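K.L.:
A single structure is presented below for examination.
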Amino acid sequence: ETQNTCNLLIYKSISVSSVVNLAIQPDKRGGVYMSGTKCSRVTLNRMAETLLRAKREKDTTLKKMDELSGRMSALVSKIQNVTADAAAIAHRIAEFKKLLNEESPKIKEKQGELEGIHLPESIQGVSEDQINAYHQKILQIRNEGQRVDNLFDKMDMDIINLTTADKTLSNVEFTMQKFQHQAEANEALLKKWMQGEHNKLTQDYGVFQKNLTQYKNTMQSQKDAVHISRHFKEAEGRLDSFNKRLAELTQESNRREDMHQKRLYILKGLREVCASLGFSEVSEPTYKEKGNHNSPVMQSFNTVNEGEVAFTIHLDNRIESDSGIRVEACGDEFGKLSKALEDQFGVETAFRRVGEENVPLERENTEKPLPRHETQKTNRASGK
């Protein structure tokens, strides 16, 4: 009866099918003997449970160490297949290789230590301190395995993020080359028509380049590969906006250049027609604002009998004139000028006095189908 009671107490917290052979002997005074040492039922129970846990954790840790060896081989293979175009990521990949080389012998060493732990089949002949020591050693190796497992998880993810960042960086640098080529090809045109906007774009792009250099340096020192990858994704988005701005500025500059060429053609015709009418040039054509091609072009002529007449040709080809020609002679003089411009250069004009800008144009059926431009407002008359 004492034997059965003792067995019941011990097995309450462990499996009846356990391989642990308790090999206990009952005592008349209610205790049990184990290899000549008297232990309480509580102690025997704790020792048996600890031994059983140690066995399970040893088996589990051995499997984990085998798994780590396999993961290491996979990481080595993955690193070898990484094509690192950027020197920065190549530096990080080299760090990973070095780290794997350092961890490999540690894994083998811990695996050997674990295999060298020979747990007793039972608690017979073993002290509680010995069983605890075995258990603690196994736990230390298990924790080391977990550390390496976490390290491999991070390394695996870092490799993915760094290779993604490397590909993104390659795309960014390729797109930057195209952007710089386009910017250089259109630099003179942009400075001519969009000086302020071009300066702002150049300034912003310079800051972008500086930040990109910092991002590349971060790839060498920053351990957070997710943060690095996000940097380059943001850089890719910024570069898209730069390309859009450059395209818009270039398009507007080309539009203004086209208008300017038309303005120069009108100016050429105006000068030649005025010369044919006997007008002499008072001065060379000048921009209203010196050096600013967006400002109107100004040209003055001295008429034969009616004093000076000044023409202002805007970029949108509006022509304004200011003259001392008598009102009664205004229509005749400007009529001659308009007819000559149309006949010789195909430039249609419709001069109007101030206050008549909104009067609709009348066109005879005999007029030539020449390109029409917007009606131009003038001080003395208007043309288009």
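The way I read the labels, and the way they are meant: chains A, B, ... in the order of the structure tokens, residue 1 as the first residue of every chain, and ligand 1 as the first ligand shown, with later ones counted on from there.
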Enumerate, as a list in words, the complete set of residues in segment 58-88 of chain A that a backbone-based DSSP assignment places in helix (DSSP H, G or I).

P.N.:
Lys58, Asp59, Thr60, Thr61, Leu62, Lys63, Lys64, Met65, Asp66, Glu67, Leu68, Ser69, Gly70, Arg71, Met72, Ser73, Ala74, Leu75, Val76, Ser77, Lys78, Ile79, Gln80, Ala87 and Ala88 of chain A

K.L.:
Using only C-alpha atoms, determine which residues lie at most 9 Å from Asp204 of chain A, disregarding the query and same-chain residues fewer than 5 positions distant; provide the list as a list in words.

P.N.:
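Surrounding residues, per the criterion: Asn199, Gln209 and Phe242 of chain A.
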
K.L.:
So which one's closest to Arg245 of chain A, A:Ser280, A:Asn143, A:Asn161, A:Thr202? Using only C-alpha atoms, please.

P.N.:
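Of A:Ser280, A:Asn143, A:Asn161, A:Thr202, the one nearest Arg245 of chain A, counting only C-alpha atoms, is A:Thr202.
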
K.L.:
Could you tell me which of A:Ile141, A:Ala183, A:Met65, A:Leu51 comes closest to Leu119 of chain A if we count only C-alpha atoms?

P.N.:
A:Leu51

K.L.:
Excluding Thr312 of chain A and any residue of its chain fewer than 3 positions from it, enumerate the residues within 6 Å of it, using only C-alpha atoms, and give them as a VMD selection string.

P.N.:
chain A and resid 297 to 298 319 to 320
